[in-house]
$ cat target12.cif   # mmCIF, C-alpha atoms
data_my_file
loop_
_atom_site.group_PDB
_atom_site.id
_atom_site.type_symbol
_atom_site.label_atom_id
_atom_site.label_comp_id
_atom_site.auth_asym_id
_atom_site.auth_seq_id
_atom_site.Cartn_x
_atom_site.Cartn_y
_atom_site.Cartn_z
ATOM 1 C CA MET W 238 69.641 122.323 115.935
ATOM 2 C CA LYS W 239 67.994 119.562 113.911
ATOM 3 C CA ASN W 240 70.287 117.371 111.805
ATOM 4 C CA TYR W 241 69.534 115.136 108.847
ATOM 5 C CA TYR W 242 71.027 111.717 108.046
ATOM 6 C CA LYS W 243 70.741 108.876 105.618
ATOM 7 C CA VAL W 244 70.778 105.573 107.530
ATOM 8 C CA ARG W 245 70.963 102.308 105.604
ATOM 9 C CA LEU W 246 69.180 99.488 107.446
ATOM 10 C CA GLY W 247 70.988 96.341 106.329
ATOM 11 C CA SER W 248 73.611 96.151 103.614
ATOM 12 C CA ALA W 249 71.055 97.013 100.912
ATOM 13 C CA GLY W 250 68.125 98.353 102.948
ATOM 14 C CA GLU W 251 66.579 94.902 103.263
ATOM 15 C CA LEU W 252 65.779 95.418 106.952
ATOM 16 C CA SER W 253 63.904 98.681 106.436
ATOM 17 C CA ALA W 254 60.446 97.054 106.376
ATOM 18 C CA GLU W 255 61.030 95.461 109.785
ATOM 19 C CA CYS W 256 62.421 98.716 111.193
ATOM 20 C CA VAL W 257 59.426 100.704 109.935
ATOM 21 C CA ALA W 258 56.981 98.130 111.304
ATOM 22 C CA GLU W 259 58.689 98.125 114.725
ATOM 23 C CA ASN W 260 59.559 101.846 114.849
ATOM 24 C CA TYR W 261 63.334 101.826 115.168
ATOM 25 C CA ILE W 262 66.628 102.280 113.355
ATOM 26 C CA GLY W 263 69.697 100.253 114.255
ATOM 27 C CA ALA W 264 73.151 98.935 113.469
ATOM 28 C CA GLY W 265 75.141 95.819 114.276
ATOM 29 C CA PHE W 266 78.624 95.367 112.785
ATOM 30 C CA GLY W 267 79.204 92.248 114.879
ATOM 31 C CA ILE W 268 79.621 94.217 118.133
ATOM 32 C CA THR W 269 77.563 92.096 120.520
ATOM 33 C CA GLN W 270 77.858 94.025 123.770
ATOM 34 C CA ASP W 271 75.558 96.576 125.333
ATOM 35 C CA LEU W 272 76.978 100.049 124.604
ATOM 36 C CA THR W 273 74.843 101.919 127.139
ATOM 37 C CA HIS W 274 77.895 102.983 129.171
ATOM 38 C CA LYS W 275 80.347 102.875 126.257
ATOM 39 C CA LEU W 276 79.270 105.901 124.237
ATOM 40 C CA PRO W 277 81.519 108.933 124.843
ATOM 41 C CA ASP W 278 80.614 112.321 123.418
ATOM 42 C CA GLU W 279 83.561 112.150 121.017
ATOM 43 C CA TRP W 280 83.578 109.711 118.106
ATOM 44 C CA LYS W 281 87.375 109.431 118.253
ATOM 45 C CA LYS W 282 87.359 108.001 121.793
ATOM 46 C CA PHE W 283 84.779 105.394 120.794
ATOM 47 C CA ASN W 284 86.838 104.391 117.764
ATOM 48 C CA GLN W 285 89.988 104.093 119.853
ATOM 49 C CA GLU W 286 88.306 101.511 122.052
ATOM 50 C CA PHE W 287 86.248 99.623 119.481
ATOM 51 C CA ILE W 288 88.459 99.502 116.371
ATOM 52 C CA PRO W 289 90.677 96.840 118.032
ATOM 53 C CA ILE W 290 87.538 94.935 119.081
ATOM 54 C CA PHE W 291 86.139 95.066 115.540
ATOM 55 C CA LEU W 292 89.449 93.914 114.055
ATOM 56 C CA LYS W 293 89.636 91.007 116.503
ATOM 57 C CA ILE W 294 86.150 89.913 115.415
ATOM 58 C CA ASN W 295 86.984 90.560 111.735
ATOM 59 C CA PRO W 296 90.721 89.844 111.273
ATOM 60 C CA ASP W 297 90.398 89.999 107.482
ATOM 61 C CA LYS W 298 89.208 93.641 107.554
ATOM 62 C CA SER W 299 91.426 96.707 107.243
ATOM 63 C CA LYS W 300 91.761 99.513 109.761
ATOM 64 C CA ILE W 301 89.884 101.743 107.311
ATOM 65 C CA SER W 302 86.977 99.299 107.292
ATOM 66 C CA ALA W 303 87.062 99.151 111.079
ATOM 67 C CA GLY W 304 87.053 102.942 111.348
ATOM 68 C CA LEU W 305 84.111 103.219 108.983
ATOM 69 C CA ALA W 306 82.111 100.557 110.854
ATOM 70 C CA CYS W 307 82.827 101.933 114.331
ATOM 71 C CA GLY W 308 82.155 105.502 113.211
ATOM 72 C CA ALA W 309 78.788 104.496 111.752
ATOM 73 C CA LEU W 310 77.918 102.534 114.891
ATOM 74 C CA TRP W 311 78.720 105.523 117.124
ATOM 75 C CA THR W 312 76.691 107.834 114.893
ATOM 76 C CA VAL W 313 73.598 105.611 115.017
ATOM 77 C CA ALA W 314 73.924 104.998 118.759
ATOM 78 C CA LYS W 315 75.086 108.416 119.965
ATOM 79 C CA GLY W 316 75.798 110.995 117.257
ATOM 80 C CA ILE W 317 72.224 111.181 115.995
ATOM 81 C CA LYS W 318 70.182 113.156 118.535
ATOM 82 C CA VAL W 319 66.564 112.946 119.611
ATOM 83 C CA GLY W 320 64.604 115.091 117.158
ATOM 84 C CA ASP W 321 66.958 114.497 114.217
ATOM 85 C CA ILE W 322 65.531 113.335 110.888
ATOM 86 C CA VAL W 323 66.611 110.101 109.180
ATOM 87 C CA LEU W 324 66.049 109.004 105.580
ATOM 88 C CA CYS W 325 66.237 105.221 105.216
ATOM 89 C CA PRO W 326 66.369 103.607 101.757
ATOM 90 C CA ASP W 327 64.290 100.482 101.233
ATOM 91 C CA GLY W 328 66.371 99.091 98.365
ATOM 92 C CA GLU W 329 63.572 99.870 95.899
ATOM 93 C CA ASP W 330 64.245 103.569 95.209
ATOM 94 C CA HIS W 331 62.192 104.880 98.124
ATOM 95 C CA TYR W 332 63.261 106.554 101.369
ATOM 96 C CA HIS W 333 61.278 106.250 104.593
ATOM 97 C CA VAL W 334 61.470 109.399 106.700
ATOM 98 C CA GLY W 335 61.501 109.326 110.486
ATOM 99 C CA GLU W 336 62.170 111.436 113.563
ATOM 100 C CA VAL W 337 64.402 109.891 116.228
ATOM 101 C CA THR W 338 62.511 109.790 119.548
ATOM 102 C CA SER W 339 64.749 107.951 122.033
ATOM 103 C CA GLU W 340 68.296 107.553 123.226
ATOM 104 C CA TYR W 341 70.268 104.349 122.600
ATOM 105 C CA PHE W 342 68.992 100.960 123.724
ATOM 106 C CA TYR W 343 70.237 97.403 123.198
ATOM 107 C CA ARG W 344 68.351 94.391 121.820
ATOM 108 C CA PRO W 345 70.582 91.290 121.867
ATOM 109 C CA ASP W 346 70.192 88.377 119.472
ATOM 110 C CA THR W 347 68.858 90.549 116.632
ATOM 111 C CA ALA W 348 70.404 91.668 113.345
ATOM 112 C CA LEU W 349 70.436 95.354 114.385
ATOM 113 C CA GLN W 350 70.910 95.158 118.130
ATOM 114 C CA HIS W 351 72.065 98.770 118.683
ATOM 115 C CA ARG W 352 68.865 100.777 118.335
ATOM 116 C CA ARG W 353 67.034 104.101 118.522
ATOM 117 C CA SER W 354 63.268 104.502 118.536
ATOM 118 C CA VAL W 355 61.804 106.383 115.575
ATOM 119 C CA ARG W 356 58.467 107.973 114.761
ATOM 120 C CA TRP W 357 58.030 107.326 111.064
ATOM 121 C CA LEU W 358 56.349 110.099 109.103
ATOM 122 C CA ASP W 359 53.683 109.557 106.482
ATOM 123 C CA GLN W 360 55.953 110.803 103.712
ATOM 124 C CA VAL W 361 57.925 108.253 101.681
ATOM 125 C CA ILE W 362 60.292 110.029 99.295
ATOM 126 C CA ASP W 363 60.688 108.630 95.810
ATOM 127 C CA ARG W 364 64.321 108.738 94.721
ATOM 128 C CA SER W 365 63.338 110.114 91.317
ATOM 129 C CA ALA W 366 61.677 113.134 92.976
ATOM 130 C CA MET W 367 64.916 114.278 94.604
ATOM 131 C CA THR W 368 67.177 116.894 93.081
ATOM 132 C CA ASP W 369 70.286 115.406 91.497
ATOM 133 C CA ILE W 370 72.608 116.462 94.295
ATOM 134 C CA LEU W 371 70.412 115.098 97.093
ATOM 135 C CA ARG W 372 69.907 111.864 95.146
ATOM 136 C CA SER W 373 73.663 111.518 94.768
ATOM 137 C CA ALA W 374 74.358 112.243 98.452
ATOM 138 C CA ALA W 375 71.652 109.865 99.679
ATOM 139 C CA SER W 376 72.845 107.073 97.381
ATOM 140 C CA THR W 377 76.343 106.676 98.843
ATOM 141 C CA ARG W 378 77.118 103.119 99.945
ATOM 142 C CA GLY W 379 78.007 103.814 103.566
ATOM 143 C CA THR W 380 75.685 102.961 106.448
ATOM 144 C CA VAL W 381 75.336 106.574 107.587
ATOM 145 C CA CYS W 382 75.935 109.942 105.960
ATOM 146 C CA THR W 383 74.937 113.475 106.856
ATOM 147 C CA LEU W 384 72.400 115.257 104.664
ATOM 148 C CA ASN W 385 72.540 118.631 106.417
ATOM 149 C CA PRO W 386 73.438 120.587 103.238
ATOM 150 C CA TYR W 387 70.082 119.475 101.798
ATOM 151 C CA ALA W 388 67.960 120.238 104.869
ATOM 152 C CA GLU W 389 65.705 122.708 103.046
ATOM 153 C CA GLU W 390 64.852 120.210 100.327
ATOM 154 C CA ILE W 391 64.136 117.469 102.877
ATOM 155 C CA GLU W 392 61.926 119.799 104.905
ATOM 156 C CA ARG W 393 59.965 120.666 101.776
ATOM 157 C CA PHE W 394 59.403 116.971 101.135
ATOM 158 C CA ILE W 395 58.195 116.546 104.698
ATOM 159 C CA GLY W 396 55.877 119.525 104.319
ATOM 160 C CA GLY W 397 54.663 118.390 100.929
ATOM 161 C CA ALA W 398 55.830 121.486 99.049
ATOM 162 C CA THR W 399 57.235 121.449 95.524
ATOM 163 C CA ILE W 400 61.021 121.323 95.315
ATOM 164 C CA THR W 401 62.447 124.177 93.270
ATOM 165 C CA ASN W 402 66.091 125.136 92.772
ATOM 166 C CA ILE W 403 67.457 124.008 96.133
ATOM 167 C CA ILE W 404 71.236 123.601 96.172
ATOM 168 C CA SER W 405 72.936 123.841 99.557
ATOM 169 C CA ASN W 406 72.631 125.371 103.019
ATOM 170 C CA ASP W 407 76.417 125.361 103.533
ATOM 171 C CA PRO W 408 77.362 128.931 104.603
ATOM 172 C CA THR W 409 80.883 128.518 103.150
ATOM 173 C CA VAL W 410 79.506 128.110 99.601
ATOM 174 C CA GLU W 411 80.199 131.290 97.602
ATOM 175 C CA ASP W 412 78.997 130.112 94.163
ATOM 176 C CA LEU W 413 75.932 127.860 94.092
ATOM 177 C CA SER W 414 76.209 127.088 90.374
ATOM 178 C CA ILE W 415 79.748 125.747 90.792
ATOM 179 C CA PHE W 416 78.647 123.805 93.879
ATOM 180 C CA ALA W 417 76.017 121.987 91.801
ATOM 181 C CA MET W 418 78.370 121.359 88.884
ATOM 182 C CA GLU W 419 81.161 120.020 91.083
ATOM 183 C CA LYS W 420 78.780 117.685 92.907
ATOM 184 C CA HIS W 421 78.209 116.116 89.489
ATOM 185 C CA LEU W 422 81.979 116.184 88.919
ATOM 186 C CA GLU W 423 82.440 114.104 92.069
ATOM 187 C CA ASP W 424 80.173 111.407 90.639
ATOM 188 C CA PHE W 425 81.969 111.638 87.281
ATOM 189 C CA LEU W 426 85.371 111.232 88.970
ATOM 190 C CA VAL W 427 84.204 108.142 90.829
ATOM 191 C CA GLN W 428 82.765 106.595 87.681
ATOM 192 C CA ASN W 429 85.839 107.402 85.579
ATOM 193 C CA TRP W 430 88.523 107.166 88.240
ATOM 194 C CA LYS W 431 90.773 104.781 86.303
ATOM 195 C CA GLN W 432 91.096 107.305 83.465
ATOM 196 C CA THR W 433 92.291 110.128 85.742
ATOM 197 C CA GLU W 434 95.859 110.967 86.682
ATOM 198 C CA MET W 435 95.199 109.941 90.281
ATOM 199 C CA GLY W 436 93.710 106.658 89.103
ATOM 200 C CA ARG W 437 97.117 105.492 87.890
ATOM 201 C CA ASP W 438 98.416 105.140 91.429
ATOM 202 C CA TYR W 439 95.318 105.080 93.640
ATOM 203 C CA GLU W 440 92.050 103.179 93.926
ATOM 204 C CA ILE W 441 88.924 104.572 95.596
ATOM 205 C CA TYR W 442 88.463 102.690 98.838
ATOM 206 C CA GLN W 443 86.046 99.816 98.472
ATOM 207 C CA GLU W 444 85.011 96.726 100.342
ATOM 208 C CA ASP W 445 83.451 93.538 98.975
ATOM 209 C CA GLY W 446 83.327 95.174 95.562
ATOM 210 C CA LYS W 447 81.334 98.190 96.812
ATOM 211 C CA ILE W 448 82.779 101.700 96.670
ATOM 212 C CA LEU W 449 82.802 103.189 100.170
ATOM 213 C CA GLY W 450 85.362 105.925 99.583
ATOM 214 C CA GLN W 451 82.861 108.436 98.163
ATOM 215 C CA GLN W 452 81.478 110.755 100.860
ATOM 216 C CA PHE W 453 83.484 108.794 103.440
ATOM 217 C CA GLN W 454 82.346 109.851 106.897
ATOM 218 C CA SER W 455 84.838 111.463 109.279
ATOM 219 C CA ASP W 456 84.366 113.156 112.632
ATOM 220 C CA THR W 457 84.382 116.593 110.961
ATOM 221 C CA GLY W 458 82.173 115.791 107.971
ATOM 222 C CA PRO W 459 82.163 113.653 104.817
ATOM 223 C CA ILE W 460 85.351 113.303 102.755
ATOM 224 C CA ASP W 461 84.512 113.714 99.052
ATOM 225 C CA ILE W 462 86.775 110.834 97.999
ATOM 226 C CA LEU W 463 89.078 108.610 100.049
ATOM 227 C CA ALA W 464 91.534 106.538 98.013
ATOM 228 C CA ILE W 465 94.339 104.108 98.821
ATOM 229 C CA SER W 466 97.492 103.608 96.770
ATOM 230 C CA LYS W 467 97.854 100.375 94.854
ATOM 231 C CA ASP W 468 100.902 99.481 96.950
ATOM 232 C CA LYS W 469 98.851 100.234 100.130
ATOM 233 C CA LYS W 470 101.518 102.659 101.371
ATOM 234 C CA SER W 471 99.511 105.888 101.241
ATOM 235 C CA LEU W 472 95.964 107.199 101.666
ATOM 236 C CA LEU W 473 94.672 110.059 99.525
ATOM 237 C CA VAL W 474 92.023 112.574 100.609
ATOM 238 C CA VAL W 475 90.386 114.282 97.614
ATOM 239 C CA GLU W 476 88.311 117.408 98.174
ATOM 240 C CA LEU W 477 86.425 119.356 95.493
ATOM 241 C CA LYS W 478 86.228 123.101 96.049
ATOM 242 C CA LYS W 479 82.480 123.126 95.208
ATOM 243 C CA GLY W 480 82.196 126.898 95.076
ATOM 244 C CA ARG W 481 83.399 127.321 98.648
ATOM 245 C CA ALA W 482 85.733 129.937 100.080
ATOM 246 C CA SER W 483 89.384 129.015 99.539
ATOM 247 C CA ASP W 484 90.336 129.144 103.216
ATOM 248 C CA ALA W 485 87.385 126.905 104.109
ATOM 249 C CA VAL W 486 88.499 124.257 101.603
ATOM 250 C CA VAL W 487 92.109 124.231 102.794
ATOM 251 C CA GLY W 488 91.067 124.035 106.424
ATOM 252 C CA GLN W 489 88.595 121.264 105.669
ATOM 253 C CA ILE W 490 91.054 119.042 103.828
ATOM 254 C CA LEU W 491 93.623 119.482 106.596
ATOM 255 C CA ARG W 492 91.045 118.391 109.164
ATOM 256 C CA TYR W 493 90.102 115.388 107.043
ATOM 257 C CA MET W 494 93.751 114.415 106.605
ATOM 258 C CA GLY W 495 94.296 114.717 110.348
ATOM 259 C CA TYR W 496 91.367 112.379 110.950
ATOM 260 C CA VAL W 497 92.665 109.846 108.424
ATOM 261 C CA LYS W 498 96.147 109.974 109.958
ATOM 262 C CA ASP W 499 94.931 109.628 113.550
ATOM 263 C CA VAL W 500 92.126 107.103 113.066
ATOM 264 C CA LEU W 501 92.496 105.156 109.816
ATOM 265 C CA ALA W 502 96.117 105.023 108.688
ATOM 266 C CA GLU W 503 98.322 102.059 109.539
ATOM 267 C CA GLU W 504 101.737 102.775 111.057
ATOM 268 C CA ASN W 505 103.501 102.492 107.703
ATOM 269 C CA GLN W 506 101.005 104.572 105.699
ATOM 270 C CA VAL W 507 101.347 108.254 104.791
ATOM 271 C CA VAL W 508 98.406 110.582 104.166
ATOM 272 C CA LYS W 509 98.260 112.875 101.132
ATOM 273 C CA GLY W 510 95.662 115.285 99.821
ATOM 274 C CA ALA W 511 94.343 116.762 96.588
ATOM 275 C CA ILE W 512 92.115 119.804 96.029
ATOM 276 C CA ILE W 513 90.245 120.058 92.720
ATOM 277 C CA ALA W 514 88.746 123.327 91.448
ATOM 278 C CA LEU W 515 87.401 124.813 88.222
ATOM 279 C CA GLU W 516 89.643 127.860 88.230
ATOM 280 C CA ASP W 517 93.178 128.603 89.325
ATOM 281 C CA ASP W 518 93.183 129.922 92.883
ATOM 282 C CA GLN W 519 96.135 131.952 94.125
ATOM 283 C CA ARG W 520 94.958 131.795 97.751
ATOM 284 C CA ILE W 521 94.886 128.002 97.684
ATOM 285 C CA ARG W 522 98.295 127.883 95.985
ATOM 286 C CA ARG W 523 99.790 130.188 98.659
ATOM 287 C CA ALA W 524 98.427 128.023 101.456
ATOM 288 C CA LEU W 525 99.517 124.750 99.853
ATOM 289 C CA ALA W 526 103.042 126.076 99.311
ATOM 290 C CA MET W 527 103.522 125.378 103.010
ATOM 291 C CA VAL W 528 101.846 121.946 102.887
ATOM 292 C CA PRO W 529 103.905 119.791 100.498
ATOM 293 C CA ASN W 530 101.706 116.692 100.769
ATOM 294 C CA ILE W 531 98.620 118.368 99.220
ATOM 295 C CA GLU W 532 98.393 118.897 95.460
ATOM 296 C CA PHE W 533 96.133 121.303 93.559
ATOM 297 C CA TYR W 534 94.311 120.267 90.363
ATOM 298 C CA ARG W 535 92.182 122.217 87.913
ATOM 299 C CA TYR W 536 89.560 120.522 85.803
ATOM 300 C CA GLN W 537 88.326 121.513 82.357
ATOM 301 C CA VAL W 538 84.787 121.132 81.056
ATOM 302 C CA SER W 539 84.361 120.428 77.360
ATOM 303 C CA PHE W 540 81.702 119.050 75.027
ATOM 304 C CA LYS W 541 81.164 118.497 71.353
ATOM 305 C CA LEU W 542 78.131 118.382 69.060
ATOM 306 C CA VAL W 543 77.566 115.260 67.018
ATOM 307 C CA LYS W 544 75.236 115.545 64.050
ATOM 308 C CA ALA W 545 72.409 113.046 64.278
#

$ encode --input "target12.cif" --output "structure tokens"
Amino acid sequence: MKNYYKVRLGSAGELSAECVAENYIGAGFGITQDLTHKLPDEWKKFNQEFIPIFLKINPDKSKISAGLACGALWTVAKGIKVGDIVLCPDGEDHYHVGEVTSEYFYRPDTALQHRRSVRWLDQVIDRSAMTDILRSAASTRGTVCTLNPYAEEIERFIGGATITNIISNDPTVEDLSIFAMEKHLEDFLVQNWKQTEMGRDYEIYQEDGKILGQQFQSDTGPIDILAISKDKKSLLVVELKKGRASDAVVGQILRYMGYVKDVLAEENQVVKGAIIALEDDQRIRRALAMVPNIEFYRYQVSFKLVKA
């Protein structure tokens, strides 16, 4: 099965021109050892070994930052498979598209020493040509994120066809219109976080002034929003229902919370969750009655007309 990823080459895509010219993608994160025999099939095992190494190199970074960096490094070096498609932003509102053609190899004394060979395609996707939801997903600040829900749209770009009404390939989505609306809601929540009830006690995880807690990558998929309490004592996993089946949403947030607890949380931190949906959902409420550390929120959509 072919998978699709956004891979940022450099903190702002500034290394994309070199990568395109030399036919590779890569990552660094200060890990200066050859990983050829250090790439297990499971991301969690890699993180267990390399999070302490990352923190020793970067003592000012948090365990969350270390988990994000090591997870991205593993994904570039191992998780992405030969034949997968990568979209790489150039920092100027364009995305180069390539097919990964080799396994991992190491190039010491370079900015992106952990590499994969890539065959770059002729197509360069203009950000403005993307649908809103793909544009939002591909614009997240992290080094790597999965774009599998938007595979059909990406394939149409590659084939040169016109993009029309493409929403998601996620089989758990029951209502495509709500999926699209709640993808916009995610962006709205991030932009207006301080005005929300959760924003009183939590801040979306960020690093060096850049928000990294939106579409935060885990080993079972991207977390919609990862936040940390202002007293640093708890981590909050926020998941929007996005038109999906109730059981799928509850199972997903539990998996995300398990990942955060096992991989990211410090010993003194607790992990909490929040599910946000448009309508009241008795099935979610029944399930969460047995999980006291997950709260359920409804949102309301309103607008007003202002005479010009």

$ axis_aligned_box --input "target12.cif" --around "stretch 448-467 of chain W" --padding-each-side "3 Å" --output "lines of an AutoDock Vina configuration file"
center_x = 89.7
center_y = 108.5
center_z = 103.7
size_x = 22.4
size_y = 22.2
size_z = 23.8

$ atom_distance --input "target12.cif" --atom1 "atom CA of W:Glu390" --atom2 "atom CA of W:His333"
15.0 Å

$ closest_residue --input "target12.cif" --among "W:Ile512, W:Val507, W:Ala485, W:Leu310" --to "W:Leu349" --atoms "all atoms listed in the file"
W:Leu310

$ residues_around --input "target12.cif" --residues "stretch 317-332 of chain W" --least-positions-apart "3" --cutoff "6 Å" --atoms "only C-alpha atoms" --output "number ranges by chain"
W: 239-245, 249-250, 253, 312-313, 335-339, 361-364

$ closest_residue --input "target12.cif" --among "W:Ala264, W:Ile462, W:Ala388, W:Cys307" --to "W:Leu292" --atoms "all atoms listed in the file"
W:Cys307
